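Raw contents of entry.txt, compact mmCIF, C-alpha atoms:
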# COMPACT_ATOMS: atom_id res chain seq x y z
CA MET A 1168 75.26 35.69 66.37
CA ASN A 1169 73.67 35.28 62.94
CA TYR A 1170 70.43 37.24 63.45
CA LYS A 1171 69.44 36.85 59.81
CA ALA A 1172 69.55 33.06 60.04
CA ILE A 1173 67.60 33.09 63.31
CA THR A 1174 64.93 35.38 61.86
CA ILE A 1175 64.51 33.25 58.74
CA ILE A 1176 64.25 30.10 60.87
CA LEU A 1177 61.60 31.74 63.10
CA VAL A 1178 59.56 32.85 60.08
CA ILE A 1179 59.79 29.36 58.54
CA VAL A 1180 58.82 27.71 61.84
CA PHE A 1181 55.85 30.08 62.27
CA LEU A 1182 54.57 29.47 58.75
CA CYS A 1183 55.18 25.73 58.98
CA LEU A 1184 53.33 25.54 62.29
CA GLY A 1185 50.47 27.41 60.71
CA ARG A 1186 50.46 25.07 57.71
CA GLU A 1187 50.75 21.94 59.84
CA ASN A 1188 47.94 23.07 62.13
CA ALA A 1189 45.79 24.01 59.16
CA THR A 1190 46.50 20.71 57.40
CA ALA A 1191 45.72 18.71 60.53
CA ALA A 1192 42.52 20.65 61.09
CA VAL A 1193 41.46 20.11 57.49
CA GLN A 1194 42.17 16.38 57.69
CA ASP A 1195 40.21 16.08 60.93
CA THR A 1196 37.15 18.04 59.84
CA LEU A 1197 37.10 18.48 56.09
CA ILE A 1198 34.13 20.72 55.39
CA THR A 1199 32.36 20.07 52.13
CA ASP A 1200 29.11 22.02 52.24
CA GLU A 1201 28.61 25.69 51.48
CA ARG A 1202 27.07 26.72 54.81
CA HIS A 1203 29.95 25.38 56.89
CA ILE A 1204 32.54 26.81 54.50
CA ARG A 1205 30.95 30.24 54.92
CA GLU A 1206 30.99 29.74 58.70
CA GLN A 1207 34.75 29.09 58.50
CA LEU A 1208 35.23 32.26 56.44
CA GLN A 1209 33.24 34.28 58.98
CA LEU A 1210 35.34 32.87 61.82
CA ALA A 1211 38.48 33.80 59.89
CA GLU A 1212 37.19 37.36 59.47
CA ASP A 1213 36.15 37.64 63.14
CA LEU A 1214 39.57 36.45 64.36
CA PHE A 1215 41.60 38.43 61.82
CA ASN A 1216 42.52 41.28 64.19
CA SER A 1217 42.79 39.26 67.41
CA ASP A 1218 44.29 35.84 66.50
CA ILE A 1219 45.84 35.82 63.06
CA ARG A 1220 47.05 32.21 63.30
CA GLN A 1221 43.55 30.87 63.98
CA SER A 1222 42.21 33.16 61.25
CA LEU A 1223 44.67 31.60 58.80
CA ILE A 1224 43.68 28.08 59.88
CA HIS A 1225 39.95 28.76 59.36
CA SER A 1226 40.50 30.44 56.01
CA ARG A 1227 42.60 27.52 54.76
CA GLN A 1228 39.97 25.07 55.97
CA ALA A 1229 37.43 27.02 53.95
CA LEU A 1230 39.70 26.95 50.89
CA ALA A 1231 40.20 23.19 51.15
CA GLY A 1232 36.43 22.62 51.35
CA ALA A 1233 35.70 25.04 48.50
CA ASN A 1234 38.16 23.17 46.27
CA VAL A 1235 36.46 19.85 47.10
CA ILE A 1236 33.00 21.10 46.05
CA HIS A 1237 34.45 23.07 43.08
CA SER A 1238 32.69 26.30 44.01
CA GLU A 1239 34.45 29.13 42.17
CA MET A 1240 32.78 31.77 44.34
CA LEU A 1241 33.87 30.14 47.60
CA ILE A 1242 37.34 29.41 46.25
CA ALA A 1243 37.75 33.10 45.40
CA GLU A 1244 36.47 34.23 48.83
CA SER A 1245 38.77 31.75 50.59
CA GLU A 1246 41.80 32.69 48.47
CA LEU A 1247 41.13 36.34 49.30
CA MET A 1248 40.96 35.61 53.04
CA VAL A 1249 44.12 33.48 53.00
CA GLY A 1250 45.87 36.25 51.07
CA LYS A 1251 44.79 38.83 53.67
CA CYS A 1252 46.21 36.65 56.47
CA PHE A 1253 49.56 36.19 54.74
CA ASP A 1254 49.69 39.92 53.99
CA TYR A 1255 49.10 40.65 57.70
CA LEU A 1256 52.01 38.33 58.60
CA GLY A 1257 54.31 39.95 56.05
CA ALA A 1258 54.44 36.82 53.85
CA ASN A 1259 54.01 38.91 50.72
CA ILE A 1260 54.81 36.26 48.11
CA GLU A 1261 52.23 33.85 49.53
CA ALA A 1262 49.70 36.70 49.85
CA LEU A 1263 50.17 37.71 46.21
CA GLU A 1264 49.70 34.12 45.03
CA ASN A 1265 46.33 33.79 46.78
CA LEU A 1266 45.12 37.27 45.84
CA LYS A 1267 45.88 36.86 42.15
CA HIS A 1268 43.89 33.59 42.12
CA ALA A 1269 40.94 35.41 43.72
CA LEU A 1270 41.27 38.29 41.25
CA ALA A 1271 41.23 35.95 38.25
CA ILE A 1272 38.03 34.24 39.45
CA TYR A 1273 36.21 37.48 40.28
CA ASP A 1274 37.22 38.86 36.90
CA SER A 1275 35.92 35.78 35.06
CA LEU A 1276 32.63 35.98 37.00
CA ASN A 1277 32.27 39.74 36.27
CA MET A 1278 32.02 40.51 39.99
CA ALA A 1279 33.13 44.15 39.93
CA SER A 1280 32.97 44.89 43.67
CA GLN A 1281 34.89 41.78 44.74
CA LYS A 1282 37.40 42.28 41.91
CA THR A 1283 37.98 45.87 43.06
CA ASN A 1284 38.60 44.72 46.63
CA ALA A 1285 41.19 42.20 45.36
CA LEU A 1286 42.86 44.98 43.35
CA ARG A 1287 43.01 47.10 46.52
CA LEU A 1288 44.75 44.34 48.47
CA ILE A 1289 47.24 43.76 45.65
CA GLY A 1290 47.89 47.51 45.62
CA ASN A 1291 48.73 47.23 49.33
CA ILE A 1292 51.36 44.58 48.58
CA TYR A 1293 52.99 46.86 45.99
CA TYR A 1294 52.86 49.70 48.51
CA TYR A 1295 54.61 47.72 51.25
CA ALA A 1296 57.20 46.60 48.69
CA ALA A 1297 57.84 50.34 48.05
CA GLU A 1298 56.70 49.97 44.44
CA TYR A 1299 54.78 53.23 44.70
CA GLY A 1300 54.19 53.81 40.98
CA LEU A 1301 52.51 50.42 40.53
CA ALA A 1302 50.64 50.71 43.82
CA MET A 1303 49.22 54.08 42.73
CA ARG A 1304 47.94 52.54 39.48
CA TYR A 1305 45.97 49.97 41.47
CA TYR A 1306 44.64 52.53 43.96
CA LYS A 1307 43.55 54.82 41.11
CA GLU A 1308 41.72 51.91 39.47
CA VAL A 1309 40.06 51.07 42.80
CA HIS A 1310 39.05 54.75 43.21
CA LEU A 1311 37.45 54.90 39.75
CA ASN A 1312 35.68 51.57 40.28
CA SER A 1313 34.39 52.64 43.71
CA ILE A 1314 32.80 55.74 42.15
CA ALA A 1315 31.12 53.62 39.48
CA LEU A 1316 29.98 51.13 42.14
CA LYS A 1317 28.96 53.93 44.55
CA ASP A 1318 30.89 52.04 47.23
CA THR A 1319 31.98 54.52 49.92
CA SER A 1320 34.08 52.00 51.85
CA LEU A 1321 36.18 51.08 48.81
CA MET A 1322 36.53 54.76 47.95
CA ILE A 1323 37.86 55.49 51.44
CA HIS A 1324 40.45 52.71 51.18
CA ALA A 1325 41.53 53.95 47.75
CA MET A 1326 41.95 57.47 49.15
CA ILE A 1327 43.98 56.14 52.08
CA GLY A 1328 46.20 54.21 49.66
CA GLU A 1329 46.75 57.25 47.46
CA GLY A 1330 47.41 59.43 50.50
CA SER A 1331 49.95 56.93 51.84
CA ILE A 1332 51.89 57.08 48.57
CA TYR A 1333 51.83 60.89 48.60
CA GLY A 1334 53.10 60.78 52.18
CA ASN A 1335 55.98 58.52 51.19
CA THR A 1336 56.94 60.60 48.16
CA GLY A 1337 57.09 64.01 49.82
CA LYS A 1338 53.67 65.31 48.76
CA TYR A 1339 52.57 65.94 52.32
CA ASP A 1340 49.83 68.52 51.69
CA SER A 1341 48.09 66.19 49.23
CA ALA A 1342 48.43 63.33 51.71
CA ILE A 1343 46.82 65.27 54.58
CA ILE A 1344 43.95 66.47 52.36
CA LEU A 1345 43.16 62.90 51.28
CA PHE A 1346 43.41 61.52 54.81
CA ARG A 1347 41.10 64.23 56.17
CA ASP A 1348 38.57 63.64 53.39
CA ALA A 1349 38.76 59.89 54.05
CA PHE A 1350 38.28 60.57 57.79
CA ARG A 1351 35.12 62.62 57.13
CA LEU A 1352 33.70 59.90 54.89
CA SER A 1353 34.55 57.23 57.49
CA LYS A 1354 32.79 59.24 60.19
CA ALA A 1355 29.76 59.67 57.93
CA ILE A 1356 29.35 55.90 57.53
CA GLY A 1357 30.32 55.08 61.15
CA ASP A 1358 33.49 53.15 60.31
CA LYS A 1359 35.50 53.59 63.52
CA ALA A 1360 38.41 51.40 62.41
CA THR A 1361 38.99 53.50 59.31
CA GLU A 1362 38.60 56.74 61.29
CA VAL A 1363 41.49 55.54 63.46
CA GLN A 1364 43.54 54.59 60.43
CA CYS A 1365 43.10 58.04 58.90
CA LEU A 1366 44.11 59.79 62.13
CA PHE A 1367 47.18 57.56 62.42
CA PHE A 1368 48.30 58.50 58.94
CA ILE A 1369 47.73 62.22 59.56
CA GLY A 1370 49.92 61.88 62.67
CA ASP A 1371 52.58 60.05 60.67
CA VAL A 1372 52.62 62.85 58.08
CA TYR A 1373 53.27 65.34 60.90
CA ILE A 1374 56.19 63.14 61.97
CA GLU A 1375 57.55 63.26 58.41
CA LEU A 1376 57.19 67.05 58.57
CA LYS A 1377 59.23 66.98 61.82
CA LYS A 1378 56.27 68.26 63.84
CA PRO A 1379 56.26 65.76 66.74
CA ASP A 1380 53.99 67.86 68.99
CA SER A 1381 51.26 67.96 66.30
CA ALA A 1382 51.69 64.20 65.82
CA LEU A 1383 51.43 63.50 69.55
CA THR A 1384 48.24 65.62 69.71
CA ILE A 1385 46.68 63.41 67.02
CA PHE A 1386 47.86 60.20 68.72
CA GLY A 1387 46.50 61.46 72.04
CA GLU A 1388 43.11 61.99 70.39
CA VAL A 1389 43.18 58.39 69.14
CA GLU A 1390 43.92 57.07 72.64
CA ARG A 1391 41.21 59.23 74.28
CA GLU A 1392 38.41 58.85 71.74
CA TYR A 1393 38.78 55.25 70.56
CA ASP A 1394 38.99 51.87 72.31
CA LEU A 1395 41.55 50.20 70.08
CA GLU A 1396 41.26 46.83 71.82
CA LYS A 1397 37.64 46.67 70.64
CA ILE A 1398 37.82 48.61 67.37
CA ASN A 1399 40.98 47.10 65.89
CA SER A 1400 43.66 45.82 68.25
CA ARG A 1401 46.30 45.49 65.54
CA TYR A 1402 46.55 49.31 65.47
CA LEU A 1403 48.07 49.29 68.98
CA PRO A 1404 51.63 48.41 67.87
CA SER A 1405 51.40 51.10 65.17
CA LEU A 1406 50.24 53.70 67.71
CA TYR A 1407 53.05 52.97 70.16
CA ASN A 1408 55.61 52.76 67.37
CA SER A 1409 54.64 56.17 66.01
CA LYS A 1410 54.64 57.70 69.51
CA THR A 1411 58.13 56.26 70.01
CA PHE A 1412 59.44 58.06 66.94
CA ALA A 1413 57.68 61.31 67.90
CA TYR A 1414 59.51 61.28 71.24
CA ILE A 1415 62.78 60.45 69.48
CA LEU A 1416 62.28 63.60 67.40
CA LYS A 1417 61.71 65.52 70.64
CA ARG A 1418 64.94 63.93 71.94
CA ASN A 1419 63.01 62.52 74.91
CA ALA A 1420 64.81 59.18 75.27
CA ASP A 1421 62.92 58.01 78.40
CA SER A 1422 59.46 58.36 76.82
CA ALA A 1423 60.74 56.94 73.54
CA ARG A 1424 62.11 53.82 75.25
CA TYR A 1425 58.86 53.42 77.25
CA TYR A 1426 56.73 53.37 74.08
CA ASN A 1427 59.28 51.20 72.27
CA ARG A 1428 58.84 48.58 75.00
CA LYS A 1429 55.04 48.89 74.69
CA THR A 1430 55.40 48.34 70.93
CA SER A 1431 57.36 45.12 71.57
CA GLU A 1432 54.80 43.91 74.12
CA THR A 1433 51.82 44.45 71.81
CA LEU A 1434 53.68 42.90 68.86
CA ARG A 1435 53.95 39.65 70.83
CA LYS A 1436 50.16 39.66 71.10
CA TYR A 1437 49.43 41.12 67.64
CA PRO A 1438 52.40 40.15 65.42
CA ARG A 1439 53.08 42.30 62.35
CA THR A 1440 56.41 41.89 60.63
CA ALA A 1441 56.45 45.34 59.01
CA ILE A 1442 55.82 47.07 62.35
CA GLN A 1443 58.47 44.90 63.99
CA THR A 1444 61.09 46.27 61.59
CA TYR A 1445 60.15 49.86 62.51
CA CYS A 1446 60.21 48.91 66.19
CA LEU A 1447 63.76 47.55 65.87
CA PHE A 1448 64.90 50.59 63.92
CA ASN A 1449 63.45 52.88 66.60
CA ARG A 1450 65.42 50.93 69.20
CA PHE A 1451 68.56 51.64 67.18
CA ARG A 1452 67.62 55.34 67.11
CA ILE A 1453 67.09 55.42 70.90
CA ASP A 1454 70.42 53.70 71.57
CA THR A 1455 72.11 56.23 69.29
CA LEU A 1456 70.31 59.12 71.02
CA GLU A 1457 71.60 57.87 74.38
CA HIS A 1458 75.11 57.24 72.96
CA ASN A 1459 74.86 53.48 73.66
CA TYR A 1460 76.79 52.70 70.50
CA LEU A 1461 77.47 49.00 71.14
CA SER A 1462 73.78 48.40 71.83
CA ALA A 1463 72.93 50.54 68.77
CA ILE A 1464 75.02 48.28 66.53
CA GLN A 1465 73.25 45.18 67.89
CA SER A 1466 69.83 46.82 67.42
CA TYR A 1467 70.70 47.74 63.85
CA MET A 1468 71.83 44.17 63.11
CA ARG A 1469 68.51 42.84 64.37
CA TYR A 1470 66.62 45.41 62.31
CA ASN A 1471 68.65 44.64 59.18
CA SER A 1472 68.08 40.91 59.62
CA VAL A 1473 64.27 41.20 59.85
CA ASN A 1474 64.14 43.82 57.09
CA ASP A 1475 66.10 41.58 54.72
CA SER A 1476 63.81 38.64 55.42
CA ILE A 1477 60.71 40.54 54.21
CA ASN A 1478 62.27 42.43 51.29
CA LYS A 1479 63.51 39.56 49.17
CA GLU A 1480 64.46 39.97 45.55
CA SER A 1481 62.12 37.06 44.81
CA LEU A 1482 59.17 39.21 45.91
CA LYS A 1483 60.05 41.98 43.47
CA TYR A 1484 60.54 39.34 40.74
CA GLN A 1485 57.13 37.82 41.52
CA LEU A 1486 55.47 41.24 41.60
CA ALA A 1487 56.96 42.10 38.20
CA ASN A 1488 55.82 38.77 36.74
CA PHE A 1489 52.33 39.21 38.12
CA GLU A 1490 52.08 42.69 36.62
CA ILE A 1491 53.08 41.39 33.16
CA VAL A 1492 50.63 38.47 33.34
CA TYR A 1493 47.81 40.70 34.63
CA GLU A 1494 48.30 43.21 31.80
CA LEU A 1495 48.40 40.42 29.20
CA GLU A 1496 45.21 38.89 30.59
CA LYS A 1497 43.50 42.30 30.49
CA LYS A 1498 44.46 42.67 26.84
CA GLU A 1499 43.27 39.14 26.05
CA ARG A 1500 39.91 39.85 27.73
CA GLU A 1501 39.59 43.07 25.73
CA ILE A 1502 40.32 41.19 22.50
CA ASP A 1503 37.75 38.53 23.46
CA ARG A 1504 35.18 41.25 24.22
CA LEU A 1505 35.78 42.99 20.89
CA THR A 1506 35.65 39.66 19.05
CA HIS A 1507 32.37 38.82 20.79
CA GLU A 1508 30.94 42.23 19.87
CA ASN A 1509 32.00 41.79 16.23
CA ILE A 1510 30.34 38.36 16.11
CA LEU A 1511 27.10 39.82 17.50
CA LYS A 1512 27.22 42.68 14.99
CA ASP A 1513 27.80 40.21 12.16
CA LEU A 1514 24.88 38.04 13.31
CA SER A 1515 22.66 41.10 13.64
CA LEU A 1516 23.58 42.21 10.10
CA LYS A 1517 22.81 38.75 8.71
CA GLN A 1518 19.50 38.73 10.57
CA ARG A 1519 18.52 42.09 9.04
CA ARG A 1520 19.45 40.79 5.58
CA ILE A 1521 17.25 37.73 6.10
CA ILE A 1522 14.35 39.92 7.25
CA ASN A 1523 14.80 42.18 4.25
Take the structure in the file and give it back as structure tokens.
Amino acid sequence: MNYKAITIILVIVFLCLGRENATAAVQDTLITDERHIREQLQLAEDLFNSDIRQSLIHSRQALAGANVIHSEMLIAESELMVGKCFDYLGANIEALENLKHALAIYDSLNMASQKTNALRLIGNIYYYAAEYGLAMRYYKEVHLNSIALKDTSLMIHAMIGEGSIYGNTGKYDSAIILFRDAFRLSKAIGDKATEVQCLFFIGDVYIELKKPDSALTIFGEVEREYDLEKINSRYLPSLYNSKTFAYILKRNADSARYYNRKTSETLRKYPRTAIQTYCLFNRFRIDTLEHNYLSAIQSYMRYNSVNDSINKESLKYQLANFEIVYELEKKEREIDRLTHENILKDLSLKQRRIIN
């Protein structure tokens, strides 16, 4: 069976269904006034964690309306929301396209907070593409901007991004320090969703350190103290996936298989391509642990098929191109700024001469 072909077909069908539904919805009720466009964006945000397909439809409706009324602000907000939806689904190329459009508009409008948020989301795409050096550059820029803006939420997300990179590059102590600091800040501002995210990442670092009991203690705290269905349901597959691996490390195949099944069940309700790849790889690990080698081979083939579908060379090519264009545009803006300053200085000098 060609699992790679099946996976690609399923992804194409999913995206096409989303596009067809969105197009039909837009044709039926094209929204061309600001209030209703903002209502669509709010609906997209509200549904983001519970029904990603509907969220994508509403955000694309908003984008279509914003383009009709030529509102740069609403176009940027809609592009950002569409990009977030595609990023959630693992459609990284599409996500990058929308996010870079939003970034360009926010930059041209000198909207520092919104621009910084777009930079954060682009940093996430680099991170999931394992381009850690580039991702860190974006997270560092977000961190500096958040300090200047005195925006605690953006600062927390920058710290989480930096900590994630440290965790993936073997700097575990630095990762845990950042996650704990981010957790304290999240608790201070009452951001339950981010508290959960920080705890998850601390648990995952313990897994990397081969300390499954410490990881399971953290994951148990998450299950006891937080209602994930209400706070952020898309964390459920991540929780069960991480618990699966912790039990694999403990060589407890029964518990590992139980949580692997729970991961699959929640992924059907809250689909996330990146988590699905980890889920499939954990299934391969469980089969290997139980010496079910034929099943292990099949699990690995499924994992490899999905993993290949989301790690295309075209994504890395697009990311590299975007980085070049973004740097060039930054330099051009700097040149324009300096030119503008020189013109003002020249005019000021002429004015003083006239006065004299």
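Closest approach to Arg1435 of chain A among A:Asp1200, A:Cys1252, A:Ile1219, A:Ser1320: A:Ile1219, based on only C-alpha atoms.
What separates atom CA of His1237 of chain A from atom CA of Ile1292 of chain A is a distance of 27.9 Å.
Minimum atom-to-atom distance to Lys1436 of chain A, evaluated using all atoms listed in the file, belongs to A:Leu1403 out of A:Leu1311, A:Leu1403, A:Ala1262, A:Leu1461.
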(request) Place a sphere of radius 9 Å on (49.7, 36.4, 47.8) in the file coordinates and name every protein, DNA or RNA residue with an atom inside or on its surface, counting all atoms listed in the file; give the answer as a count of residues only. (result) 20
(message) Show me, as a ChimeraX atom specification, the residues that have an atom within 9 Å of Asp1454 of chain A when counting all atoms listed in the file, minus same-chain residues fewer than 4 positions from it.
(response) /A:1420,1449-1450,1458-1464,1466
(message) Please return as number ranges by chain every residue within 12 Å of (35.9, 32.4, 56.0), taking into account all atoms listed in the file and the file's own coordinates.
(response) A: 1198, 1201-1215, 1221-1233, 1241-1252
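Rounded to one decimal, atom CA of Leu1376 of chain A and atom CA of Asn1291 of chain A lie 23.4 Å from each other.
The residue set within 10 Å of segment 1349-1361 of chain A, counting all atoms listed in the file and dropping same-chain residues fewer than 5 places from it, reads A:Thr1319, A:Ser1320, A:Met1322, A:Ile1323, A:His1324, A:Ala1325, A:Met1326, A:Ile1327, A:Gly1330, A:Ile1343, A:Ile1344, A:Leu1366, A:Phe1367, A:Ile1369, A:Tyr1393, A:Asp1394, A:Leu1395, A:Lys1397, A:Ile1398, A:Asn1399, A:Ser1400, A:Tyr1402.
The space between atom CA of Gln1281 of chain A and atom CA of Ser1238 of chain A spans 15.7 Å.
Of the residues listed (A:Leu1383, A:Val1235, A:Leu1316, A:Ala1302), A:Leu1383 shows the shortest atom-to-atom separation from Leu1416 of chain A; distances use all atoms listed in the file.
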Segment 1390-1408 of chain A, all listed atoms, 4 Å padding on each side: what axis-aligned box centre and edge lengths in Å to one decimal come out, as JSON?
{"center_x": 46.6, "center_y": 52.4, "center_z": 69.7, "size_x": 26.0, "size_y": 21.7, "size_z": 17.1}
